[in-house]
There are 2 protein chains.
Amino acid sequence: MPQPRYLQIKNEILHEIQTGALRPEDRIPSEHRLAERFTVSRLTVQRAIRELVSEGLLRRTQGSGTFVTNFTHRFSLIEVRDVVEEIRRLGGEATTEVLLHRRCAADHEVSRLLEMEAGSDVFHVALVQSMDSEPVAYEERFAVPSVYPDFLDQDFSKRSVFDYLASRSVLEEIENVVAAVTPDKRIAALLEIGRAEPCILIQRRNWYQGRCVTLTRITYAGSRQLLASRYRPYELAGGR
Amino acid sequence: MPQPRYLQIKNEILHEIQTGALRPEDRIPSEHRLAERFTVSRLTVQRAIRELVSEGLLRRTQGSGTFVTNFTHRFSLIEVRDVVEEIRRLGGEATTEVLLHRRCAADHEVSRLLEMEAGSDVFHVALVQSMDSEPVAYEERFAVPSVYPDFLDQDFSKRSVFDYLASRSVLEEIENVVAAVTPDKRIAALLEIGRAEPCILIQRRNWYQGRCVTLTRITYAGSRQLLASRYRPYELAGGR
DNA sequence: CAACAATATTTGTAAGTACAAATTATTGCG
DNA sequence: CGCAATAATTTGTACTTACAAATATTGTTG
């Protein structure tokens with residue numbers, strides 16, 4: 001058996017969509033008819049269709065039928081990786097300089113973003129990430145003490161904050177905001193760039209068990225393109 | 001039947017992962033055992049597990065077993081929508097001013113990015129997108145003539161370029177590059193911002209049938225946060 | 001003890017059947 | 001003709017069975 005039947009069926013439907021033989025809003029044949037056409041059981045057809053539905057290419061309504069989605073990707077996706085992760089992926093050596101690592105009272109802005117009362121205690125770490133000795137990002141992270149009790153015991157120059165935080169909680173919700181900013185004097189100096197050089201600021205908030213538990217602000221040194229992604233929206237499944 | 005059995009099983013496993021009862025690399029019981037435990041058929045268990053696999057929470061190996069992934073999202077995702085789409089989503093009125101709409105010879109940079117010979121003919125359109133009469137983005141798009149023969153006949157002030165391009169091809173591959181830039185004099189004037197105000201530049205390339213067919217550069221007026229996303233990585237399925 | 005063979009376990013694919021639920025088409029009646 | 005009841009279609013869920021393929025375990029033998 002060179003390729004499972006359900007994959008053959010799936011790829012055939014996918015191909016018809018890609019070539020335009022099946023157009024958005026078109027109704028595809030019923031499971032029964034497809035099962036007849038391919039001489040397979042209804043279950044096999046069903047599996048192929050269910051996967052295409054979960055991938056967003058088809059939409060089905062009980063009693064009515066299965067239709068081609070007109071959702072020709074209303075958006076495309078950009079992956080935002082952890083800086084250390086990204087540096088390694090690019091084949092560089094990542095080093096971390098920890099500037100601050102403390103417990104402190106949250107200021108107005110931070111407490112608002114963390115959805116807690118102003119003046120509450122938070123953990124705070126500030127660091128500079130370098131790739132092959134060249135600074136590429138300034139990170140500032142805040143964490144809620146109750147969820148990360150051993151935050152202050154960590155050595156973030158050895159293990160990335162990202163790694164540590166990820167190991168302590170399976171996140172429920174993630175919010176990312178991207179903005180372009182001009183670095184202030186201090187950050188420009190740390191990143192060894194001119195104050196006129198624009199930077200990308202990514203602010204991320206994570207929720208765990210209904211509460212906002214971490215706030216991260218990463219300022220990327222402008223010219224270094226760490227935010228790129230390339231992907232295939234609808235790839236044919238299986239080999240060949 | 002309040003909730004399908006396969007969803008109950010899926011959510012139970014998901015819950016065990018979220019609470020930490022099941023940890024990364026743990027092996028979960030075999031289909032046979034789970035079917036016994038929940039008094040359902042193997043198929044029903046299989047469906048629950050297959051969905052969790054496709055969502056990236058479990059990994060299976062034939063003959064060996066099913067394991068919890070240690071893939072605690074190495075990246076998070078940002079959705080990049082079309083400007084017109086994004087403006088409507090925010091409840092604003094989108095207007096488009098077309099500055100250029102022509103056929104021309106590709107310069108060195110554009111032909112390199114479109115993977116074609118320098119000097120080849122390309123379609124070119126430049127426009128300013130506004131939200132409630134306030135300019136928010138400057139777009140420059142290049143398209144390969146052979147794939148979009150009626151490019152010049154379109155009225156892009158009525159129908160968005162995005163819409164037109166999407167209607168003509170189902171894309172195979174999408175590349176996005178995000179950078180922070182300082183706008184040049186012309187773009188700053190068009191966006192009605194100061195030259196010191198940093199902007200986000202998104203460059204996108206699309207592939208269709210093995211060839212790069214479109215190149216887009218969008219400069220977002222800095223302070224307007226059009227790049228934000230919020231999502232739940234592993235949401236419990238079904239109601240209740 | 002090590003190498004190999006046989007066996008058991010586990011997942012992968014697939015057929016067939018059954019009934020429920022939602023939608024759409026059809027029929028019959030006033 | 002219009003409306004309501006009925007029938008047919010289509011998807012949703014679920015059970016049982018069957019065998020193949022990959023891996024893990026156990027037992028045997030030199």
# chains A, B, ... in the order shown; residues from 1 in each chain; ligands from 1

$ interface_residues --of "chain B" --to "chain D" --cutoff "9 Å" --atoms "only C-alpha atoms (C1' of nucleotides)" --output "PDB file with N, CA, C and O atoms, in the first residue's frame"
ATOM      1  N   PRO B   4     -20.413  14.740  23.389  1.00  0.00           N
ATOM      2  CA  PRO B   4     -19.926  13.495  22.788  1.00  0.00           C
ATOM      3  C   PRO B   4     -18.850  12.842  23.632  1.00  0.00           C
ATOM      4  O   PRO B   4     -18.034  13.541  24.247  1.00  0.00           O
ATOM      5  N   ARG B   5     -18.823  11.526  23.618  1.00  0.00           N
ATOM      6  CA  ARG B   5     -17.837  10.791  24.418  1.00  0.00           C
ATOM      7  C   ARG B   5     -16.396  11.163  24.054  1.00  0.00           C
ATOM      8  O   ARG B   5     -15.554  11.333  24.918  1.00  0.00           O
ATOM      9  N   TYR B   6     -16.144  11.267  22.731  1.00  0.00           N
ATOM     10  CA  TYR B   6     -14.762  11.526  22.317  1.00  0.00           C
ATOM     11  C   TYR B   6     -14.267  12.881  22.819  1.00  0.00           C
ATOM     12  O   TYR B   6     -13.100  13.043  23.159  1.00  0.00           O
ATOM     13  N   VAL B  40     -15.732   2.664  26.132  1.00  0.00           N
ATOM     14  CA  VAL B  40     -16.086   3.048  24.773  1.00  0.00           C
ATOM     15  C   VAL B  40     -15.279   2.154  23.834  1.00  0.00           C
ATOM     16  O   VAL B  40     -14.452   1.361  24.277  1.00  0.00           O
ATOM     17  N   SER B  41     -15.537   2.307  22.543  1.00  0.00           N
ATOM     18  CA  SER B  41     -14.767   1.514  21.595  1.00  0.00           C
ATOM     19  C   SER B  41     -13.400   2.154  21.367  1.00  0.00           C
ATOM     20  O   SER B  41     -13.179   3.315  21.693  1.00  0.00           O
ATOM     21  N   LEU B  43     -12.177   3.024  18.641  1.00  0.00           N
ATOM     22  CA  LEU B  43     -12.303   4.093  17.659  1.00  0.00           C
ATOM     23  C   LEU B  43     -12.562   5.441  18.313  1.00  0.00           C
ATOM     24  O   LEU B  43     -12.051   6.478  17.884  1.00  0.00           O
ATOM     25  N   THR B  44     -13.394   5.429  19.327  1.00  0.00           N
ATOM     26  CA  THR B  44     -13.756   6.675  20.001  1.00  0.00           C
ATOM     27  C   THR B  44     -12.547   7.270  20.723  1.00  0.00           C
ATOM     28  O   THR B  44     -12.292   8.466  20.664  1.00  0.00           O
ATOM     29  N   THR B  61       3.870   6.880  18.421  1.00  0.00           N
ATOM     30  CA  THR B  61       4.743   6.068  17.599  1.00  0.00           C
ATOM     31  C   THR B  61       4.152   4.678  17.531  1.00  0.00           C
ATOM     32  O   THR B  61       3.839   4.086  18.574  1.00  0.00           O
ATOM     33  N   GLN B  62       3.986   4.224  16.327  1.00  0.00           N
ATOM     34  CA  GLN B  62       3.396   2.910  16.130  1.00  0.00           C
ATOM     35  C   GLN B  62       4.246   1.848  16.825  1.00  0.00           C
ATOM     36  O   GLN B  62       5.463   1.842  16.677  1.00  0.00           O
ATOM     37  N   GLY B  63       3.591   1.008  17.563  1.00  0.00           N
ATOM     38  CA  GLY B  63       4.295  -0.073  18.253  1.00  0.00           C
ATOM     39  C   GLY B  63       4.836   0.332  19.601  1.00  0.00           C
ATOM     40  O   GLY B  63       5.105  -0.506  20.460  1.00  0.00           O
ATOM     41  N   SER B  64       4.992   1.646  19.812  1.00  0.00           N
ATOM     42  CA  SER B  64       5.603   2.110  21.054  1.00  0.00           C
ATOM     43  C   SER B  64       4.573   2.680  22.032  1.00  0.00           C
ATOM     44  O   SER B  64       4.441   2.210  23.153  1.00  0.00           O
ATOM     45  N   GLY B  65       3.836   3.676  21.602  1.00  0.00           N
ATOM     46  CA  GLY B  65       2.854   4.265  22.507  1.00  0.00           C
ATOM     47  C   GLY B  65       2.563   5.719  22.194  1.00  0.00           C
ATOM     48  O   GLY B  65       3.045   6.260  21.199  1.00  0.00           O
TER      49      GLY B  65
END

$ interface_residues --of "chain B" --to "chain A" --cutoff "7 Å" --atoms "only C-alpha atoms" --output "count of residues only"
37

$ select_by_dssp --residues "region 51-213 of chain A" --states "helix (DSSP H, G or I)" --output "NGL selection string"
:A and (51-54 or 83-89 or 108-113 or 151-153 or 161-168 or 185-191)

$ write_last_selection --atoms "N, CA and C atoms" --output "mmCIF file, in the first residue's frame"
data_model
loop_
_atom_site.group_PDB
_atom_site.id
_atom_site.type_symbol
_atom_site.label_atom_id
_atom_site.label_comp_id
_atom_site.auth_asym_id
_atom_site.auth_seq_id
_atom_site.Cartn_x
_atom_site.Cartn_y
_atom_site.Cartn_z
ATOM 1 N N GLU A 51 -10.146 15.971 8.516
ATOM 2 C CA GLU A 51 -8.833 16.620 8.585
ATOM 3 C C GLU A 51 -8.824 17.926 7.794
ATOM 4 N N LEU A 52 -9.470 17.917 6.643
ATOM 5 C CA LEU A 52 -9.524 19.138 5.847
ATOM 6 C C LEU A 52 -10.338 20.212 6.562
ATOM 7 N N VAL A 53 -11.356 19.782 7.302
ATOM 8 C CA VAL A 53 -12.138 20.747 8.085
ATOM 9 C C VAL A 53 -11.270 21.347 9.183
ATOM 10 N N SER A 54 -10.515 20.482 9.867
ATOM 11 C CA SER A 54 -9.691 20.989 10.970
ATOM 12 C C SER A 54 -8.569 21.881 10.453
ATOM 13 N N VAL A 83 14.105 34.843 22.184
ATOM 14 C CA VAL A 83 15.334 35.364 21.577
ATOM 15 C C VAL A 83 16.438 34.311 21.567
ATOM 16 N N VAL A 84 16.634 33.648 22.700
ATOM 17 C CA VAL A 84 17.687 32.637 22.785
ATOM 18 C C VAL A 84 17.446 31.529 21.755
ATOM 19 N N GLU A 85 16.196 31.113 21.690
ATOM 20 C CA GLU A 85 15.770 30.096 20.717
ATOM 21 C C GLU A 85 16.127 30.525 19.299
ATOM 22 N N GLU A 86 15.768 31.762 18.984
ATOM 23 C CA GLU A 86 15.966 32.302 17.642
ATOM 24 C C GLU A 86 17.457 32.381 17.292
ATOM 25 N N ILE A 87 18.246 32.812 18.261
ATOM 26 C CA ILE A 87 19.692 32.934 18.021
ATOM 27 C C ILE A 87 20.288 31.570 17.697
ATOM 28 N N ARG A 88 19.887 30.576 18.470
ATOM 29 C CA ARG A 88 20.419 29.226 18.243
ATOM 30 C C ARG A 88 19.981 28.704 16.887
ATOM 31 N N ARG A 89 18.738 29.024 16.529
ATOM 32 C CA ARG A 89 18.205 28.552 15.256
ATOM 33 C C ARG A 89 19.007 29.138 14.089
ATOM 34 N N HIS A 108 2.496 51.661 38.379
ATOM 35 C CA HIS A 108 1.121 51.750 37.885
ATOM 36 C C HIS A 108 0.914 50.951 36.602
ATOM 37 N N GLU A 109 1.800 51.191 35.637
ATOM 38 C CA GLU A 109 1.699 50.553 34.323
ATOM 39 C C GLU A 109 1.775 49.025 34.414
ATOM 40 N N VAL A 110 2.765 48.544 35.137
ATOM 41 C CA VAL A 110 2.969 47.097 35.240
ATOM 42 C C VAL A 110 1.801 46.426 35.962
ATOM 43 N N SER A 111 1.349 47.034 37.036
ATOM 44 C CA SER A 111 0.252 46.416 37.784
ATOM 45 C C SER A 111 -1.035 46.422 36.964
ATOM 46 N N ARG A 112 -1.209 47.440 36.151
ATOM 47 C CA ARG A 112 -2.394 47.481 35.290
ATOM 48 C C ARG A 112 -2.339 46.332 34.285
ATOM 49 N N LEU A 113 -1.168 46.167 33.662
ATOM 50 C CA LEU A 113 -1.036 45.122 32.646
ATOM 51 C C LEU A 113 -1.126 43.730 33.260
ATOM 52 N N PHE A 151 11.558 32.027 41.611
ATOM 53 C CA PHE A 151 12.048 32.908 40.548
ATOM 54 C C PHE A 151 13.414 33.495 40.872
ATOM 55 N N LEU A 152 13.579 33.911 42.128
ATOM 56 C CA LEU A 152 14.835 34.592 42.503
ATOM 57 C C LEU A 152 16.025 33.647 42.622
ATOM 58 N N ASP A 153 15.733 32.355 42.711
ATOM 59 C CA ASP A 153 16.828 31.385 42.851
ATOM 60 C C ASP A 153 17.452 30.988 41.516
ATOM 61 N N VAL A 161 15.013 32.739 30.717
ATOM 62 C CA VAL A 161 13.804 33.037 31.478
ATOM 63 C C VAL A 161 12.623 32.321 30.831
ATOM 64 N N PHE A 162 12.621 32.350 29.520
ATOM 65 C CA PHE A 162 11.573 31.685 28.756
ATOM 66 C C PHE A 162 11.454 30.214 29.157
ATOM 67 N N ASP A 163 12.591 29.551 29.162
ATOM 68 C CA ASP A 163 12.646 28.146 29.545
ATOM 69 C C ASP A 163 12.080 27.938 30.948
ATOM 70 N N TYR A 164 12.534 28.759 31.863
ATOM 71 C CA TYR A 164 12.088 28.641 33.249
ATOM 72 C C TYR A 164 10.583 28.832 33.358
ATOM 73 N N LEU A 165 10.088 29.924 32.772
ATOM 74 C CA LEU A 165 8.663 30.221 32.874
ATOM 75 C C LEU A 165 7.829 29.114 32.235
ATOM 76 N N ALA A 166 8.303 28.626 31.077
ATOM 77 C CA ALA A 166 7.546 27.596 30.368
ATOM 78 C C ALA A 166 7.466 26.317 31.199
ATOM 79 N N SER A 167 8.520 26.056 31.973
ATOM 80 C CA SER A 167 8.539 24.810 32.753
ATOM 81 C C SER A 167 7.594 24.877 33.943
ATOM 82 N N ARG A 168 7.171 26.069 34.328
ATOM 83 C CA ARG A 168 6.349 26.214 35.528
ATOM 84 C C ARG A 168 4.863 26.304 35.262
ATOM 85 N N LYS A 185 17.642 56.475 25.817
ATOM 86 C CA LYS A 185 19.109 56.590 25.878
ATOM 87 C C LYS A 185 19.762 55.347 26.474
ATOM 88 N N ARG A 186 19.173 54.854 27.557
ATOM 89 C CA ARG A 186 19.748 53.720 28.267
ATOM 90 C C ARG A 186 19.744 52.464 27.390
ATOM 91 N N ILE A 187 18.593 52.171 26.785
ATOM 92 C CA ILE A 187 18.461 50.964 25.962
ATOM 93 C C ILE A 187 19.335 51.061 24.713
ATOM 94 N N ALA A 188 19.392 52.249 24.107
ATOM 95 C CA ALA A 188 20.242 52.435 22.937
ATOM 96 C C ALA A 188 21.693 52.117 23.286
ATOM 97 N N ALA A 189 22.118 52.567 24.470
ATOM 98 C CA ALA A 189 23.491 52.303 24.902
ATOM 99 C C ALA A 189 23.703 50.807 25.107
ATOM 100 N N LEU A 190 22.760 50.163 25.754
ATOM 101 C CA LEU A 190 22.882 48.730 26.012
ATOM 102 C C LEU A 190 22.935 47.921 24.714
ATOM 103 N N LEU A 191 22.142 48.330 23.733
ATOM 104 C CA LEU A 191 22.098 47.603 22.463
ATOM 105 C C LEU A 191 23.170 48.084 21.493
#

$ closest_residue --among "A:Arg141, A:Arg42, A:His32, A:Arg27" --to "chain C" --atoms "only C-alpha atoms (C1' of nucleotides)"
A:Arg42

$ closest_residue --among "A:Val45, A:Val125, A:Glu12, A:Thr219" --to "chain C" --atoms "only C-alpha atoms (C1' of nucleotides)"
A:Val45

$ atom_distance --atom1 "CA of Ser157 (chain B)" --atom2 "CA of Thr95 (chain B)"
7.2 Å

$ interface_residues --of "chain C" --to "chain B" --cutoff "9 Å" --atoms "only C-alpha atoms (C1' of nucleotides)" --output "mmCIF file with C-alpha atoms (C1' of nucleotides), in the first residue's frame"
data_model
loop_
_atom_site.group_PDB
_atom_site.id
_atom_site.type_symbol
_atom_site.label_atom_id
_atom_site.label_comp_id
_atom_site.auth_asym_id
_atom_site.auth_seq_id
_atom_site.Cartn_x
_atom_site.Cartn_y
_atom_site.Cartn_z
ATOM 1 C "C1'" DT C 9 1.820 -5.035 22.720
ATOM 2 C "C1'" DT C 10 0.564 -0.825 20.503
ATOM 3 C "C1'" DT C 11 -0.638 2.059 16.909
ATOM 4 C "C1'" DG C 12 -2.353 2.520 11.748
#

$ atom_distance --atom1 "CA of Arg59 (chain A)" --atom2 "C1' of DA14 (chain C)"
24.4 Å

$ select_by_dssp --residues "region 30-145 of chain A" --states "strand (DSSP E)" --output "PDB file with N, CA and C atoms, in the first residue's frame"
ATOM      1  N   LEU A  58     -12.392  23.135   4.544  1.00  0.00           N
ATOM      2  CA  LEU A  58     -13.791  22.782   4.330  1.00  0.00           C
ATOM      3  C   LEU A  58     -14.611  23.183   5.553  1.00  0.00           C
ATOM      4  N   ARG A  59     -15.890  23.287   5.331  1.00  0.00           N
ATOM      5  CA  ARG A  59     -16.814  23.614   6.401  1.00  0.00           C
ATOM      6  C   ARG A  59     -18.010  22.703   6.203  1.00  0.00           C
ATOM      7  N   ARG A  60     -18.537  22.123   7.280  1.00  0.00           N
ATOM      8  CA  ARG A  60     -19.678  21.235   7.096  1.00  0.00           C
ATOM      9  C   ARG A  60     -20.832  21.629   8.005  1.00  0.00           C
ATOM     10  N   THR A  61     -22.015  21.332   7.541  1.00  0.00           N
ATOM     11  CA  THR A  61     -23.213  21.577   8.337  1.00  0.00           C
ATOM     12  C   THR A  61     -24.050  20.314   8.305  1.00  0.00           C
ATOM     13  N   GLY A  65     -24.566  19.766   4.160  1.00  0.00           N
ATOM     14  CA  GLY A  65     -23.509  19.315   3.268  1.00  0.00           C
ATOM     15  C   GLY A  65     -22.137  19.842   3.664  1.00  0.00           C
ATOM     16  N   THR A  66     -21.164  19.577   2.815  1.00  0.00           N
ATOM     17  CA  THR A  66     -19.791  20.022   3.056  1.00  0.00           C
ATOM     18  C   THR A  66     -19.399  21.008   1.967  1.00  0.00           C
ATOM     19  N   PHE A  67     -18.848  22.138   2.377  1.00  0.00           N
ATOM     20  CA  PHE A  67     -18.573  23.211   1.429  1.00  0.00           C
ATOM     21  C   PHE A  67     -17.120  23.669   1.515  1.00  0.00           C
ATOM     22  N   VAL A  68     -16.633  24.191   0.389  1.00  0.00           N
ATOM     23  CA  VAL A  68     -15.283  24.744   0.358  1.00  0.00           C
ATOM     24  C   VAL A  68     -15.316  26.114   1.036  1.00  0.00           C
ATOM     25  N   PHE A  75      -5.585  36.002   7.083  1.00  0.00           N
ATOM     26  CA  PHE A  75      -4.393  36.502   7.764  1.00  0.00           C
ATOM     27  C   PHE A  75      -3.250  35.540   7.500  1.00  0.00           C
ATOM     28  N   SER A  76      -2.050  36.015   7.656  1.00  0.00           N
ATOM     29  CA  SER A  76      -0.922  35.103   7.640  1.00  0.00           C
ATOM     30  C   SER A  76      -0.250  35.200   8.996  1.00  0.00           C
ATOM     31  N   LEU A  77       0.589  34.245   9.275  1.00  0.00           N
ATOM     32  CA  LEU A  77       1.098  34.123  10.637  1.00  0.00           C
ATOM     33  C   LEU A  77       2.581  34.405  10.738  1.00  0.00           C
ATOM     34  N   ILE A  78       2.949  35.021  11.820  1.00  0.00           N
ATOM     35  CA  ILE A  78       4.360  35.232  12.113  1.00  0.00           C
ATOM     36  C   ILE A  78       4.667  34.551  13.430  1.00  0.00           C
ATOM     37  N   GLU A  79       5.703  33.762  13.422  1.00  0.00           N
ATOM     38  CA  GLU A  79       6.093  33.090  14.649  1.00  0.00           C
ATOM     39  C   GLU A  79       7.025  33.983  15.446  1.00  0.00           C
ATOM     40  N   VAL A  80       6.704  34.170  16.719  1.00  0.00           N
ATOM     41  CA  VAL A  80       7.590  34.937  17.577  1.00  0.00           C
ATOM     42  C   VAL A  80       8.253  33.957  18.530  1.00  0.00           C
ATOM     43  N   ARG A  81       9.530  33.746  18.324  1.00  0.00           N
ATOM     44  CA  ARG A  81      10.250  32.817  19.177  1.00  0.00           C
ATOM     45  C   ARG A  81      10.956  33.557  20.299  1.00  0.00           C
ATOM     46  N   ALA A  94      24.406  32.261  21.909  1.00  0.00           N
ATOM     47  CA  ALA A  94      23.609  33.192  22.702  1.00  0.00           C
ATOM     48  C   ALA A  94      24.233  33.407  24.077  1.00  0.00           C
ATOM     49  N   THR A  95      24.403  34.669  24.447  1.00  0.00           N
ATOM     50  CA  THR A  95      24.858  34.968  25.799  1.00  0.00           C
ATOM     51  C   THR A  95      23.891  35.963  26.432  1.00  0.00           C
ATOM     52  N   THR A  96      23.777  35.859  27.741  1.00  0.00           N
ATOM     53  CA  THR A  96      22.815  36.684  28.451  1.00  0.00           C
ATOM     54  C   THR A  96      23.500  37.443  29.574  1.00  0.00           C
ATOM     55  N   GLU A  97      23.270  38.734  29.596  1.00  0.00           N
ATOM     56  CA  GLU A  97      23.806  39.534  30.694  1.00  0.00           C
ATOM     57  C   GLU A  97      22.627  39.989  31.558  1.00  0.00           C
ATOM     58  N   VAL A  98      22.623  39.546  32.804  1.00  0.00           N
ATOM     59  CA  VAL A  98      21.517  39.892  33.692  1.00  0.00           C
ATOM     60  C   VAL A  98      21.802  41.232  34.359  1.00  0.00           C
ATOM     61  N   LEU A  99      20.922  42.206  34.131  1.00  0.00           N
ATOM     62  CA  LEU A  99      21.140  43.542  34.685  1.00  0.00           C
ATOM     63  C   LEU A  99      20.417  43.709  36.012  1.00  0.00           C
ATOM     64  N   LEU A 100      19.253  43.116  36.102  1.00  0.00           N
ATOM     65  CA  LEU A 100      18.417  43.250  37.295  1.00  0.00           C
ATOM     66  C   LEU A 100      17.777  41.904  37.579  1.00  0.00           C
ATOM     67  N   HIS A 101      17.600  41.587  38.821  1.00  0.00           N
ATOM     68  CA  HIS A 101      16.959  40.310  39.167  1.00  0.00           C
ATOM     69  C   HIS A 101      16.484  40.463  40.602  1.00  0.00           C
ATOM     70  N   ARG A 102      15.231  40.860  40.765  1.00  0.00           N
ATOM     71  CA  ARG A 102      14.811  41.292  42.092  1.00  0.00           C
ATOM     72  C   ARG A 102      13.300  41.148  42.310  1.00  0.00           C
ATOM     73  N   ARG A 103      12.919  41.380  43.524  1.00  0.00           N
ATOM     74  CA  ARG A 103      11.509  41.500  43.872  1.00  0.00           C
ATOM     75  C   ARG A 103      11.259  42.976  44.123  1.00  0.00           C
ATOM     76  N   CYS A 104      10.162  43.482  43.578  1.00  0.00           N
ATOM     77  CA  CYS A 104       9.906  44.909  43.776  1.00  0.00           C
ATOM     78  C   CYS A 104       8.411  45.185  43.723  1.00  0.00           C
ATOM     79  N   ALA A 105       8.040  46.397  44.019  1.00  0.00           N
ATOM     80  CA  ALA A 105       6.628  46.788  43.940  1.00  0.00           C
ATOM     81  C   ALA A 105       6.318  47.197  42.507  1.00  0.00           C
ATOM     82  N   ASP A 121       3.632  43.173  45.063  1.00  0.00           N
ATOM     83  CA  ASP A 121       4.971  42.656  44.816  1.00  0.00           C
ATOM     84  C   ASP A 121       5.021  41.852  43.518  1.00  0.00           C
ATOM     85  N   VAL A 122       6.044  42.088  42.737  1.00  0.00           N
ATOM     86  CA  VAL A 122       6.279  41.279  41.546  1.00  0.00           C
ATOM     87  C   VAL A 122       7.759  40.953  41.439  1.00  0.00           C
ATOM     88  N   PHE A 123       8.048  39.897  40.698  1.00  0.00           N
ATOM     89  CA  PHE A 123       9.432  39.615  40.370  1.00  0.00           C
ATOM     90  C   PHE A 123       9.764  40.365  39.095  1.00  0.00           C
ATOM     91  N   HIS A 124      11.007  40.787  39.005  1.00  0.00           N
ATOM     92  CA  HIS A 124      11.430  41.621  37.893  1.00  0.00           C
ATOM     93  C   HIS A 124      12.830  41.219  37.472  1.00  0.00           C
ATOM     94  N   VAL A 125      13.003  41.025  36.161  1.00  0.00           N
ATOM     95  CA  VAL A 125      14.344  40.745  35.664  1.00  0.00           C
ATOM     96  C   VAL A 125      14.550  41.542  34.387  1.00  0.00           C
ATOM     97  N   ALA A 126      15.741  42.094  34.258  1.00  0.00           N
ATOM     98  CA  ALA A 126      16.082  42.832  33.047  1.00  0.00           C
ATOM     99  C   ALA A 126      17.391  42.270  32.529  1.00  0.00           C
ATOM    100  N   LEU A 127      17.449  42.059  31.227  1.00  0.00           N
ATOM    101  CA  LEU A 127      18.675  41.485  30.687  1.00  0.00           C
ATOM    102  C   LEU A 127      18.901  41.862  29.226  1.00  0.00           C
ATOM    103  N   VAL A 128      20.142  41.674  28.815  1.00  0.00           N
ATOM    104  CA  VAL A 128      20.511  41.932  27.426  1.00  0.00           C
ATOM    105  C   VAL A 128      20.923  40.614  26.793  1.00  0.00           C
ATOM    106  N   GLN A 129      20.302  40.310  25.652  1.00  0.00           N
ATOM    107  CA  GLN A 129      20.626  39.078  24.932  1.00  0.00           C
ATOM    108  C   GLN A 129      21.592  39.413  23.806  1.00  0.00           C
ATOM    109  N   SER A 130      22.660  38.650  23.715  1.00  0.00           N
ATOM    110  CA  SER A 130      23.614  38.891  22.638  1.00  0.00           C
ATOM    111  C   SER A 130      23.786  37.665  21.756  1.00  0.00           C
ATOM    112  N   MET A 131      24.052  37.950  20.494  1.00  0.00           N
ATOM    113  CA  MET A 131      24.334  36.874  19.542  1.00  0.00           C
ATOM    114  C   MET A 131      25.763  37.070  19.075  1.00  0.00           C
ATOM    115  N   GLU A 134      27.310  40.265  20.059  1.00  0.00           N
ATOM    116  CA  GLU A 134      26.676  41.495  19.595  1.00  0.00           C
ATOM    117  C   GLU A 134      25.269  41.575  20.199  1.00  0.00           C
ATOM    118  N   PRO A 135      24.989  42.628  20.954  1.00  0.00           N
ATOM    119  CA  PRO A 135      23.672  42.709  21.602  1.00  0.00           C
ATOM    120  C   PRO A 135      22.550  42.800  20.577  1.00  0.00           C
ATOM    121  N   VAL A 136      21.515  42.009  20.755  1.00  0.00           N
ATOM    122  CA  VAL A 136      20.410  42.019  19.794  1.00  0.00           C
ATOM    123  C   VAL A 136      19.060  42.367  20.430  1.00  0.00           C
ATOM    124  N   ALA A 137      18.949  42.182  21.732  1.00  0.00           N
ATOM    125  CA  ALA A 137      17.649  42.475  22.341  1.00  0.00           C
ATOM    126  C   ALA A 137      17.778  42.823  23.824  1.00  0.00           C
ATOM    127  N   TYR A 138      16.912  43.721  24.254  1.00  0.00           N
ATOM    128  CA  TYR A 138      16.808  44.070  25.673  1.00  0.00           C
ATOM    129  C   TYR A 138      15.476  43.529  26.178  1.00  0.00           C
ATOM    130  N   GLU A 139      15.549  42.708  27.207  1.00  0.00           N
ATOM    131  CA  GLU A 139      14.335  42.074  27.722  1.00  0.00           C
ATOM    132  C   GLU A 139      14.020  42.545  29.128  1.00  0.00           C
ATOM    133  N   GLU A 140      12.753  42.781  29.365  1.00  0.00           N
ATOM    134  CA  GLU A 140      12.325  43.100  30.715  1.00  0.00           C
ATOM    135  C   GLU A 140      11.134  42.202  31.013  1.00  0.00           C
ATOM    136  N   ARG A 141      11.232  41.446  32.077  1.00  0.00           N
ATOM    137  CA  ARG A 141      10.143  40.509  32.377  1.00  0.00           C
ATOM    138  C   ARG A 141       9.653  40.684  33.802  1.00  0.00           C
ATOM    139  N   PHE A 142       8.338  40.579  33.945  1.00  0.00           N
ATOM    140  CA  PHE A 142       7.715  40.630  35.261  1.00  0.00           C
ATOM    141  C   PHE A 142       6.934  39.339  35.462  1.00  0.00           C
ATOM    142  N   ALA A 143       6.977  38.808  36.666  1.00  0.00           N
ATOM    143  CA  ALA A 143       6.262  37.563  36.941  1.00  0.00           C
ATOM    144  C   ALA A 143       5.563  37.648  38.295  1.00  0.00           C
TER     145      ALA A 143
END

$ atom_distance --atom1 "CA of Val147 (chain B)" --atom2 "CA of Thr216 (chain B)"
15.5 Å

$ closest_residue --among "A:Ser133, A:Thr39, A:Leu114, A:Ala48" --to "Glu93 (chain A)" --atoms "only C-alpha atoms"
A:Ser133

$ decode --residues "region 5-14 of chain C" --atoms "C-alpha atoms (C1' of nucleotides)" --output "mmCIF file, in the first residue's frame"
data_model
loop_
_atom_site.group_PDB
_atom_site.id
_atom_site.type_symbol
_atom_site.label_atom_id
_atom_site.label_comp_id
_atom_site.auth_asym_id
_atom_site.auth_seq_id
_atom_site.Cartn_x
_atom_site.Cartn_y
_atom_site.Cartn_z
ATOM 1 C "C1'" DA C 5 14.163 -15.684 17.333
ATOM 2 C "C1'" DA C 6 9.510 -15.838 18.819
ATOM 3 C "C1'" DT C 7 5.814 -13.436 21.069
ATOM 4 C "C1'" DA C 8 3.079 -9.756 22.845
ATOM 5 C "C1'" DT C 9 1.820 -5.035 22.720
ATOM 6 C "C1'" DT C 10 0.564 -0.825 20.503
ATOM 7 C "C1'" DT C 11 -0.638 2.059 16.909
ATOM 8 C "C1'" DG C 12 -2.353 2.520 11.748
ATOM 9 C "C1'" DT C 13 -5.745 1.690 8.447
ATOM 10 C "C1'" DA C 14 -10.115 0.138 6.979
#
